[in-house]
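Visitor: Just one file: structure-v3.txt, with compact mmCIF, C-alpha atoms and all ligand atoms.
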```txt
# COMPACT_ATOMS: atom_id res chain seq x y z
CA MET A 1 -29.46 -2.87 -10.05
CA SER A 2 -29.16 0.89 -10.56
CA ILE A 3 -27.75 1.77 -13.98
CA ASN A 4 -25.39 4.21 -12.29
CA LYS A 5 -23.57 1.58 -10.27
CA LEU A 6 -19.88 1.25 -11.12
CA ARG A 7 -19.28 -2.27 -12.48
CA ILE A 8 -16.16 -3.80 -10.97
CA GLY A 9 -13.77 -6.61 -11.91
CA VAL A 10 -11.30 -7.83 -9.30
CA ILE A 11 -8.04 -9.28 -10.65
CA GLY A 12 -6.18 -11.45 -8.13
CA ALA A 13 -8.33 -13.36 -5.65
CA GLY A 14 -5.80 -14.08 -2.90
CA SER A 15 -5.52 -12.90 0.70
CA ILE A 16 -5.98 -9.12 0.39
CA SER A 17 -8.72 -9.35 -2.23
CA ASP A 18 -11.24 -10.14 0.51
CA LEU A 19 -10.99 -6.57 1.79
CA HIS A 20 -11.70 -5.30 -1.76
CA PHE A 21 -14.61 -7.73 -2.30
CA ALA A 22 -16.13 -6.95 1.11
CA SER A 23 -15.82 -3.18 0.67
CA TYR A 24 -17.33 -3.12 -2.85
CA THR A 25 -20.12 -5.37 -1.60
CA LYS A 26 -20.95 -2.80 1.10
CA SER A 27 -20.82 0.12 -1.35
CA GLU A 28 -24.21 1.26 -2.65
CA ASP A 29 -22.59 2.69 -5.77
CA ALA A 30 -20.68 -0.36 -7.01
CA VAL A 31 -21.38 -3.93 -8.04
CA ILE A 32 -18.77 -6.64 -8.59
CA VAL A 33 -19.41 -8.35 -11.93
CA ALA A 34 -16.19 -10.31 -12.53
CA VAL A 35 -13.29 -11.98 -10.78
CA CYS A 36 -10.03 -13.26 -12.26
CA ASP A 37 -7.24 -15.39 -10.83
CA LEU A 38 -4.63 -17.67 -12.39
CA ASN A 39 -6.04 -20.22 -9.97
CA ARG A 40 -9.59 -20.93 -11.20
CA GLU A 41 -10.73 -22.62 -7.98
CA ARG A 42 -9.71 -19.60 -5.97
CA ALA A 43 -11.58 -17.25 -8.32
CA ALA A 44 -14.62 -19.55 -8.25
CA ALA A 45 -14.63 -19.62 -4.45
CA LYS A 46 -14.76 -15.80 -4.35
CA ALA A 47 -17.45 -15.77 -7.03
CA GLU A 48 -19.53 -18.08 -4.88
CA LYS A 49 -18.89 -16.14 -1.68
CA TYR A 50 -19.63 -12.69 -3.17
CA ASP A 51 -22.20 -13.72 -5.79
CA ILE A 52 -20.14 -12.71 -8.85
CA ALA A 53 -21.38 -13.69 -12.32
CA ASN A 54 -18.16 -13.91 -14.40
CA ILE A 55 -15.02 -15.93 -13.65
CA TYR A 56 -11.77 -15.59 -15.63
CA THR A 57 -8.25 -16.99 -15.44
CA ASP A 58 -6.83 -14.58 -18.06
CA TYR A 59 -7.05 -10.90 -17.14
CA ASN A 60 -7.10 -9.92 -20.85
CA GLU A 61 -10.45 -11.68 -21.20
CA LEU A 62 -11.82 -9.82 -18.18
CA LEU A 63 -10.60 -6.52 -19.66
CA ALA A 64 -12.34 -7.32 -22.97
CA ASN A 65 -15.70 -7.47 -21.18
CA PRO A 66 -17.41 -4.14 -22.03
CA GLU A 67 -19.66 -4.42 -18.97
CA ILE A 68 -16.73 -3.67 -16.67
CA ASP A 69 -16.04 -0.01 -15.80
CA ALA A 70 -13.22 -0.40 -13.28
CA VAL A 71 -10.82 -2.97 -11.83
CA SER A 72 -9.04 -3.66 -8.56
CA ILE A 73 -5.61 -5.19 -9.12
CA CYS A 74 -4.67 -7.49 -6.23
CA THR A 75 -1.99 -9.60 -7.90
CA TRP A 76 1.76 -10.07 -7.39
CA ASN A 77 3.79 -6.85 -7.60
CA ASN A 78 5.55 -7.89 -10.84
CA THR A 79 2.20 -7.88 -12.67
CA HIS A 80 0.89 -4.49 -11.46
CA ALA A 81 2.44 -2.48 -14.32
CA GLU A 82 1.37 -4.72 -17.19
CA ILE A 83 -2.17 -5.22 -15.87
CA SER A 84 -2.63 -1.52 -14.98
CA ILE A 85 -1.48 -0.36 -18.41
CA ALA A 86 -3.62 -2.95 -20.22
CA ALA A 87 -6.66 -2.02 -18.11
CA LEU A 88 -6.26 1.72 -18.73
CA HIS A 89 -5.95 1.13 -22.48
CA ALA A 90 -9.04 -1.11 -22.33
CA GLY A 91 -10.91 1.93 -20.98
CA LYS A 92 -11.13 0.79 -17.35
CA HIS A 93 -10.44 2.84 -14.22
CA VAL A 94 -7.84 1.21 -11.96
CA LEU A 95 -7.35 0.73 -8.23
CA VAL A 96 -3.95 -0.93 -7.94
CA GLU A 97 -2.65 -2.42 -4.70
CA LYS A 98 0.57 -1.09 -3.23
CA PRO A 99 3.37 -0.96 -4.23
CA LEU A 100 2.45 0.66 -7.57
CA CYS A 101 4.94 -1.69 -9.30
CA LYS A 102 8.55 -2.89 -9.05
CA THR A 103 10.64 -0.19 -10.76
CA VAL A 104 10.69 3.55 -11.49
CA GLU A 105 10.64 2.84 -15.23
CA GLU A 106 7.43 0.78 -14.85
CA ALA A 107 5.90 3.54 -12.72
CA GLN A 108 6.67 6.09 -15.42
CA ARG A 109 4.99 3.92 -18.06
CA ILE A 110 1.88 3.59 -15.85
CA GLN A 111 1.81 7.37 -15.41
CA ASP A 112 2.08 7.81 -19.19
CA ALA A 113 -0.86 5.43 -19.67
CA VAL A 114 -2.97 7.36 -17.15
CA ARG A 115 -2.23 10.60 -18.99
CA GLU A 116 -2.86 9.08 -22.44
CA THR A 117 -6.17 7.49 -21.52
CA GLY A 118 -7.55 10.05 -19.07
CA LYS A 119 -8.77 7.22 -16.85
CA ILE A 120 -8.63 7.26 -13.04
CA LEU A 121 -5.79 5.37 -11.36
CA GLN A 122 -5.71 5.20 -7.58
CA VAL A 123 -2.79 3.62 -5.73
CA GLY A 124 -3.82 1.48 -2.75
CA PHE A 125 -2.00 3.49 -0.08
CA VAL A 126 -4.66 2.37 2.37
CA ARG A 127 -3.15 4.04 5.45
CA ARG A 128 -3.93 7.46 3.96
CA TYR A 129 -7.61 6.54 3.99
CA ASP A 130 -7.82 5.69 7.69
CA THR A 131 -9.93 8.14 9.68
CA ASN A 132 -7.08 8.79 12.14
CA ALA A 133 -4.60 9.63 9.36
CA GLN A 134 -7.18 12.02 7.92
CA LEU A 135 -7.67 13.58 11.36
CA VAL A 136 -3.90 14.12 11.72
CA LYS A 137 -3.80 15.61 8.21
CA HIS A 138 -6.63 17.98 9.15
CA PHE A 139 -4.71 19.12 12.26
CA ILE A 140 -1.46 19.55 10.28
CA ASP A 141 -3.19 21.39 7.42
CA ASN A 142 -4.66 23.78 9.98
CA GLY A 143 -1.25 24.56 11.45
CA GLN A 144 -1.67 22.75 14.77
CA LEU A 145 1.80 21.17 14.60
CA GLY A 146 3.53 24.02 12.76
CA GLU A 147 6.23 23.07 10.28
CA ILE A 148 6.89 19.29 10.22
CA TYR A 149 10.67 18.85 10.06
CA TYR A 150 11.15 15.28 11.25
CA ALA A 151 9.26 11.99 11.05
CA LYS A 152 10.07 8.51 12.13
CA ALA A 153 8.39 5.19 11.42
CA SER A 154 8.93 1.53 12.24
CA CYS A 155 7.14 -1.58 11.17
CA LEU A 156 9.03 -4.43 12.74
CA ARG A 157 7.81 -8.01 12.54
CA ARG A 158 9.81 -10.47 14.59
CA LEU A 159 8.37 -13.32 12.51
CA GLY A 160 6.38 -12.42 9.39
CA ASN A 161 7.85 -13.32 6.02
CA PRO A 162 4.63 -14.16 4.08
CA GLY A 163 6.52 -16.65 1.85
CA GLY A 164 5.50 -17.59 -1.70
CA TRP A 165 5.80 -14.71 -4.19
CA PHE A 166 6.46 -12.16 -1.39
CA SER A 167 9.85 -13.75 -0.73
CA ASP A 168 10.73 -14.19 -4.43
CA VAL A 169 12.44 -10.92 -5.42
CA GLU A 170 11.54 -11.44 -9.09
CA ARG A 171 7.83 -11.30 -8.34
CA SER A 172 7.82 -8.95 -5.32
CA GLY A 173 10.64 -6.50 -6.08
CA GLY A 174 11.93 -6.86 -2.52
CA GLY A 175 11.12 -7.78 1.06
CA PRO A 176 9.77 -5.76 4.00
CA LEU A 177 10.83 -2.43 2.48
CA ILE A 178 8.63 -2.68 -0.63
CA ASP A 179 5.91 -4.68 1.13
CA ILE A 180 5.32 -2.92 4.47
CA GLY A 181 7.87 -0.08 4.42
CA VAL A 182 5.92 1.36 1.50
CA HIS A 183 2.93 1.94 3.81
CA VAL A 184 4.73 3.79 6.58
CA ILE A 185 7.01 5.78 4.24
CA ASP A 186 3.96 6.81 2.25
CA VAL A 187 1.81 7.88 5.19
CA CYS A 188 4.65 9.94 6.70
CA TRP A 189 5.46 11.58 3.36
CA TYR A 190 1.76 12.34 2.77
CA LEU A 191 1.30 13.87 6.23
CA MET A 192 4.54 15.87 5.88
CA GLY A 193 2.90 17.57 2.89
CA LYS A 194 4.67 15.53 0.18
CA PRO A 195 8.03 17.37 0.25
CA LYS A 196 10.39 16.59 -2.65
CA PRO A 197 12.75 13.73 -1.71
CA VAL A 198 16.36 14.52 -2.66
CA ALA A 199 18.49 11.74 -1.16
CA VAL A 200 18.27 8.38 0.59
CA SER A 201 20.78 6.42 2.62
CA GLY A 202 19.67 2.89 3.41
CA HIS A 203 20.78 -0.55 4.49
CA THR A 204 19.26 -3.95 3.87
CA TYR A 205 20.21 -7.14 5.70
CA ASN A 206 19.69 -10.82 4.85
CA LYS A 207 20.82 -12.26 8.16
CA LEU A 208 18.03 -14.46 9.50
CA GLY A 209 16.32 -15.93 6.41
CA ASN A 210 12.62 -16.68 6.78
CA ARG A 211 13.04 -18.75 9.98
CA LYS A 212 10.72 -21.48 8.77
CA ASN A 213 12.02 -23.54 11.72
CA VAL A 214 10.08 -21.39 14.22
CA LYS A 215 7.05 -23.11 15.77
CA ASN A 216 3.88 -21.98 17.57
CA LEU A 217 3.66 -18.43 16.20
CA SER A 218 1.30 -17.63 13.32
CA PHE A 219 1.61 -14.80 10.78
CA TYR A 220 0.23 -13.37 7.46
CA LYS A 221 0.86 -15.75 4.55
CA ALA A 222 0.56 -15.52 0.76
CA ALA A 223 -2.31 -17.57 -0.69
CA ASP A 224 0.30 -19.95 -2.14
CA TYR A 225 2.51 -20.12 0.94
CA ASP A 226 5.87 -21.71 0.27
CA ALA A 227 8.85 -21.22 2.54
CA GLU A 228 11.41 -22.87 0.25
CA ARG A 229 12.44 -19.84 -1.80
CA ASN A 230 13.60 -16.67 -0.03
CA THR A 231 15.57 -14.07 -1.99
CA VAL A 232 14.47 -10.89 -0.17
CA GLU A 233 15.97 -8.85 2.68
CA ASP A 234 14.75 -9.47 6.21
CA LEU A 235 15.49 -5.95 7.52
CA ALA A 236 15.80 -2.51 5.92
CA ASN A 237 16.43 0.95 7.32
CA VAL A 238 16.75 4.38 5.75
CA LEU A 239 17.23 8.09 6.27
CA ILE A 240 15.37 10.12 3.61
CA ARG A 241 16.29 13.77 3.07
CA PHE A 242 13.82 16.26 1.58
CA GLU A 243 14.41 19.46 -0.34
CA ASN A 244 12.80 21.57 2.42
CA GLY A 245 15.32 20.27 4.98
CA ALA A 246 12.92 17.79 6.59
CA SER A 247 13.99 14.18 7.17
CA LEU A 248 12.31 10.81 7.64
CA MET A 249 13.86 7.79 9.37
CA VAL A 250 12.37 4.33 8.89
CA ASP A 251 13.11 0.72 9.80
CA VAL A 252 11.10 -2.33 8.75
CA SER A 253 11.52 -6.09 9.05
CA PHE A 254 10.04 -9.43 8.07
CA THR A 255 12.00 -10.97 10.90
CA LEU A 256 14.26 -9.69 13.65
CA HIS A 257 15.34 -10.79 17.11
CA ALA A 258 13.00 -8.18 18.59
CA LYS A 259 11.11 -8.68 21.84
CA LYS A 260 7.79 -7.96 20.12
CA ASP A 261 6.30 -6.64 16.88
CA GLU A 262 6.36 -2.88 16.65
CA ILE A 263 4.47 -0.30 14.61
CA ALA A 264 5.24 3.39 15.04
CA VAL A 265 4.43 6.45 12.96
CA LYS A 266 5.55 9.75 14.54
CA LEU A 267 5.77 13.27 13.16
CA TYR A 268 7.40 16.27 14.79
CA GLY A 269 6.71 19.91 14.03
CA ASP A 270 7.89 23.20 15.55
CA LYS A 271 4.55 23.73 17.32
CA GLY A 272 3.71 20.15 18.27
CA GLY A 273 4.11 16.47 17.52
CA VAL A 274 1.88 13.49 16.91
CA GLU A 275 2.09 9.74 17.27
CA LEU A 276 -0.33 8.24 14.76
CA GLU A 277 0.75 4.72 15.70
CA PRO A 278 0.81 2.71 17.91
CA GLU A 279 -1.84 4.93 19.63
CA ILE A 280 -2.89 8.34 18.47
CA VAL A 281 -1.73 11.18 20.71
CA PHE A 282 -0.77 14.79 20.06
CA VAL A 283 2.03 16.47 22.00
CA THR A 284 2.11 20.21 22.55
CA GLU A 285 3.02 22.93 24.99
CA ILE A 286 0.31 24.68 26.95
CA LEU A 287 1.30 27.63 29.21
CA ASP A 288 4.92 26.40 29.48
CA THR A 289 3.88 22.84 30.20
CA ILE A 290 4.45 19.92 27.84
CA THR A 291 1.02 18.36 27.41
CA ASN A 292 -0.05 15.14 25.72
CA VAL A 293 -3.49 15.45 24.15
CA THR A 294 -5.52 12.33 23.39
CA PRO A 295 -8.33 12.90 20.89
CA GLN A 296 -11.58 11.23 21.95
CA ILE A 297 -12.31 9.21 18.80
CA ASN A 298 -13.51 5.70 17.96
CA ASN A 299 -10.16 4.00 17.34
CA LYS A 300 -6.77 4.57 18.89
CA SER A 301 -4.99 2.83 16.02
CA ILE A 302 -5.70 2.11 12.35
CA ASP A 303 -9.10 0.53 11.66
CA ILE A 304 -8.07 -1.62 8.70
CA ASN A 305 -11.58 -2.56 7.59
CA GLY A 306 -12.72 1.05 7.83
CA ALA A 307 -9.63 2.27 5.96
CA PHE A 308 -10.29 -0.17 3.09
CA GLN A 309 -13.96 0.86 2.99
CA ASN A 310 -12.93 4.53 2.77
CA GLU A 311 -10.35 3.71 0.07
CA ILE A 312 -12.90 1.82 -2.04
CA ASN A 313 -15.62 4.45 -1.50
CA HIS A 314 -13.17 7.15 -2.60
CA PHE A 315 -12.18 5.15 -5.70
CA VAL A 316 -15.81 4.59 -6.69
CA SER A 317 -16.58 8.27 -6.16
CA CYS A 318 -13.54 9.41 -8.22
CA CYS A 319 -14.58 7.09 -11.08
CA GLN A 320 -18.06 8.57 -11.04
CA THR A 321 -17.09 12.24 -10.70
CA GLY A 322 -13.74 12.32 -12.52
CA GLU A 323 -12.09 13.81 -9.42
CA THR A 324 -8.37 12.97 -8.97
CA PRO A 325 -7.83 10.44 -6.15
CA ILE A 326 -5.96 11.51 -3.01
CA SER A 327 -3.39 8.79 -3.88
CA PRO A 328 -2.78 9.43 -7.60
CA VAL A 329 -0.27 7.76 -9.92
CA GLU A 330 2.17 10.67 -9.44
CA ASP A 331 2.48 9.77 -5.75
CA GLY A 332 2.97 6.09 -6.63
CA LEU A 333 5.85 7.12 -8.91
CA GLU A 334 7.45 9.33 -6.24
CA ILE A 335 7.29 6.49 -3.70
CA MET A 336 8.85 4.09 -6.25
CA LYS A 337 11.75 6.55 -6.66
CA ILE A 338 12.28 6.48 -2.89
CA LEU A 339 12.00 2.67 -2.57
CA CYS A 340 14.26 1.91 -5.54
CA GLY A 341 16.72 4.56 -4.34
CA ILE A 342 16.91 2.80 -0.96
CA TYR A 343 17.65 -0.58 -2.57
CA GLU A 344 20.31 1.07 -4.74
CA SER A 345 21.82 2.83 -1.72
CA ALA A 346 21.97 -0.45 0.21
CA ALA A 347 23.57 -2.28 -2.74
CA LYS A 348 26.20 0.42 -3.33
CA GLY A 349 26.81 1.25 0.34
CA GLN A 350 26.40 4.98 -0.25
CA GLU A 351 23.83 7.76 -0.20
CA ILE A 352 21.87 8.08 -3.45
CA ARG A 353 20.73 11.46 -4.82
CA LEU A 354 17.25 11.12 -6.31
N1 LIG A 401 -2.96 -2.76 1.28
C1 LIG A 401 -2.50 -3.71 2.07
O1 LIG A 401 -2.47 -3.55 3.29
C2 LIG A 401 -2.03 -5.00 1.47
C3 LIG A 401 -1.91 -6.14 2.28
C4 LIG A 401 -1.48 -7.33 1.68
C5 LIG A 401 -1.16 -7.37 0.33
N2 LIG A 401 -1.26 -6.22 -0.43
C6 LIG A 401 -0.89 -6.22 -1.85
O2 LIG A 401 -1.90 -6.92 -2.57
C7 LIG A 401 -1.31 -7.70 -3.62
C8 LIG A 401 -1.69 -9.15 -3.45
O3 LIG A 401 -1.25 -9.61 -2.18
P1 LIG A 401 -1.92 -10.89 -1.46
O4 LIG A 401 -1.45 -10.86 -0.06
O5 LIG A 401 -3.36 -10.93 -1.72
O6 LIG A 401 -1.17 -12.08 -2.25
P2 LIG A 401 -1.73 -13.55 -2.50
O7 LIG A 401 -0.58 -14.37 -2.92
O8 LIG A 401 -2.54 -13.99 -1.32
O9 LIG A 401 -2.75 -13.38 -3.73
C9 LIG A 401 -2.31 -12.95 -5.00
C10 LIG A 401 -3.21 -13.62 -6.04
O10 LIG A 401 -2.92 -13.04 -7.31
C11 LIG A 401 -3.04 -14.09 -8.28
N3 LIG A 401 -2.32 -13.67 -9.49
C12 LIG A 401 -1.01 -13.42 -9.64
N4 LIG A 401 -0.74 -13.02 -10.89
C13 LIG A 401 -1.92 -13.02 -11.57
C14 LIG A 401 -2.30 -12.69 -12.90
N5 LIG A 401 -1.41 -12.30 -13.82
N6 LIG A 401 -3.62 -12.80 -13.23
C15 LIG A 401 -4.52 -13.21 -12.33
N7 LIG A 401 -4.22 -13.52 -11.03
C16 LIG A 401 -2.94 -13.42 -10.66
C17 LIG A 401 -2.44 -15.31 -7.59
O11 LIG A 401 -2.84 -16.51 -8.19
C18 LIG A 401 -2.99 -15.12 -6.16
O12 LIG A 401 -4.22 -15.79 -5.98
C19 LIG A 401 0.20 -7.41 -3.55
O13 LIG A 401 0.54 -6.38 -4.44
C20 LIG A 401 0.41 -6.94 -2.12
O14 LIG A 401 1.52 -6.04 -2.00
C21 LIG A 401 -1.71 -5.07 0.12
```
Output the structure of this file as structure tokens.

Guide:
Amino acid sequence: MSINKLRIGVIGAGSISDLHFASYTKSEDAVIVAVCDLNRERAAAKAEKYDIANIYTDYNELLANPEIDAVSICTWNNTHAEISIAALHAGKHVLVEKPLCKTVEEAQRIQDAVRETGKILQVGFVRRYDTNAQLVKHFIDNGQLGEIYYAKASCLRRLGNPGGWFSDVERSGGGPLIDIGVHVIDVCWYLMGKPKPVAVSGHTYNKLGNRKNVKNLSFYKAADYDAERNTVEDLANVLIRFENGASLMVDVSFTLHAKKDEIAVKLYGDKGGVELEPEIVFVTEILDTITNVTPQINNKSIDINGAFQNEINHFVSCCQTGETPISPVEDGLEIMKILCGIYESAAKGQEIRL
């Protein structure tokens, strides 16, 4: 093993951790030395699969291991703040899964810890790291779409409440808005150039429950799937206003009487538009003719494995060079302000100024 390899501990060995384990394993600059999960068997199974020497059930013990330089946090949302802060103070760099945490106050404390310790913290906004999102950003940064004044995103599952902790508001912080809305809100905001959000007006609905009665249709499930408890919304929508006059409209669901699942990410500028999802296409005007331009690239839609590999490679590189990640803690905090503002708006039935 090269002495320069970044030594990684992965905390949380459930469903999404596989994409972290697989990506670190493929990185030439990192080596996974420890895994931790409350469930020892689950941690041991990953240790066996990925050839990892140290197994823990208490993250504090993992953090006390001086051989670990950096951690991936892949646990329930309600633990992200406490584990991130403990890891930073233990001298570890942190890659924390989305959402950064559950509340704005927690996000502020994480930001304070990053500033106090000088360690790297990267938020797992994986959609930013997809090659297609980076291509769109390159086009926007070079003025191809002009000024982006409107964006619109949907992530509608007709059946897809992952159950377990995801549907327990105490552990998740919310339903589809904080779980999948976070991805599409973040990628739009990032591509719009991170304008300052000033107000949100949202709705949440708890009309359909988790529809555990439905048969013959499979979906993403938490490692400890349990359909009994469901205290999260099944649909959320929002209009977000930005200081520069731009706006972003979003709707997301865990379940809805929709004909099919839908993913859409669309941005509109005064020189052109782009659909990043469901299939990348630019829209422009050439010699008085509206023209759709399809870039000739490997994938028409997000390549999830590639996006995770890019995210992990970027994290490893930032840890080694000290460079600030493209998804820093400040952006995690700003997104938490938006998400929590939307829940507050829905609860109060009015627009919330941020
Ligand atoms: N980037 C993405 O596209 C994406 C996709 C899915 C999930 N996620 C995020 O990843 C995180 C985990 O989601 P998942 O789908 O893997 O859930 P999961 O339920 O499958 O796994 C979570 C694991 O964390 C463990 N855990 C919880 N608290 C712990 C603690 N204090 N110490 C050690 N282990 C602990 C649980 O035992 C479980 O094994 C969540 O924050 C989720 O939002 C991100």

Visitor: Write out as a PyMOL selection string which residues come within 6 Å of stretch 149-163 of chain A when counting all atoms listed in the file, dropping same-chain ones fewer than 4 positions away.

Guide: chain A and resi 167+210+219-222+225-227+246-256+258+261-269

Visitor: Within 6 Å of ligand LIG 401 (chain A) (counting all atoms listed in the file), which residues show up? I'd like them as a VMD selection string.

Guide: chain A and resid 11 to 17 36 to 39 59 74 to 77 79 97 to 99 124 126 179 222 to 224

Visitor: To one decimal place, how far is atom CA of A:Ile304 from atom CA of A:Gln320 in Å?

Guide: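 If I compute the distance from atom CA of A:Ile304 to atom CA of A:Gln320, I get 24.4 Å.
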
Visitor: Can you pull out every residue within 7 Å of A:Tyr129, counting all atoms listed in the file, but drop anything in the same chain fewer than 4 positions away, and send it as a list in words?

Guide: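 Contacts, with the query itself left out: Ala133, Gln134, Ala307, Asn310 and Glu311 of chain A.
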
Visitor: Need the axis-aligned box for stretch 170-179 of chain A with 8 Å each side, so what are the centre and edges in Å to one decimal, as AutoDock Vina command-line options?

Guide:
```
--center_x 8.9 --center_y -6.9 --center_z -2.5 --size_x 22.0 --size_y 25.0 --size_z 29.1
```
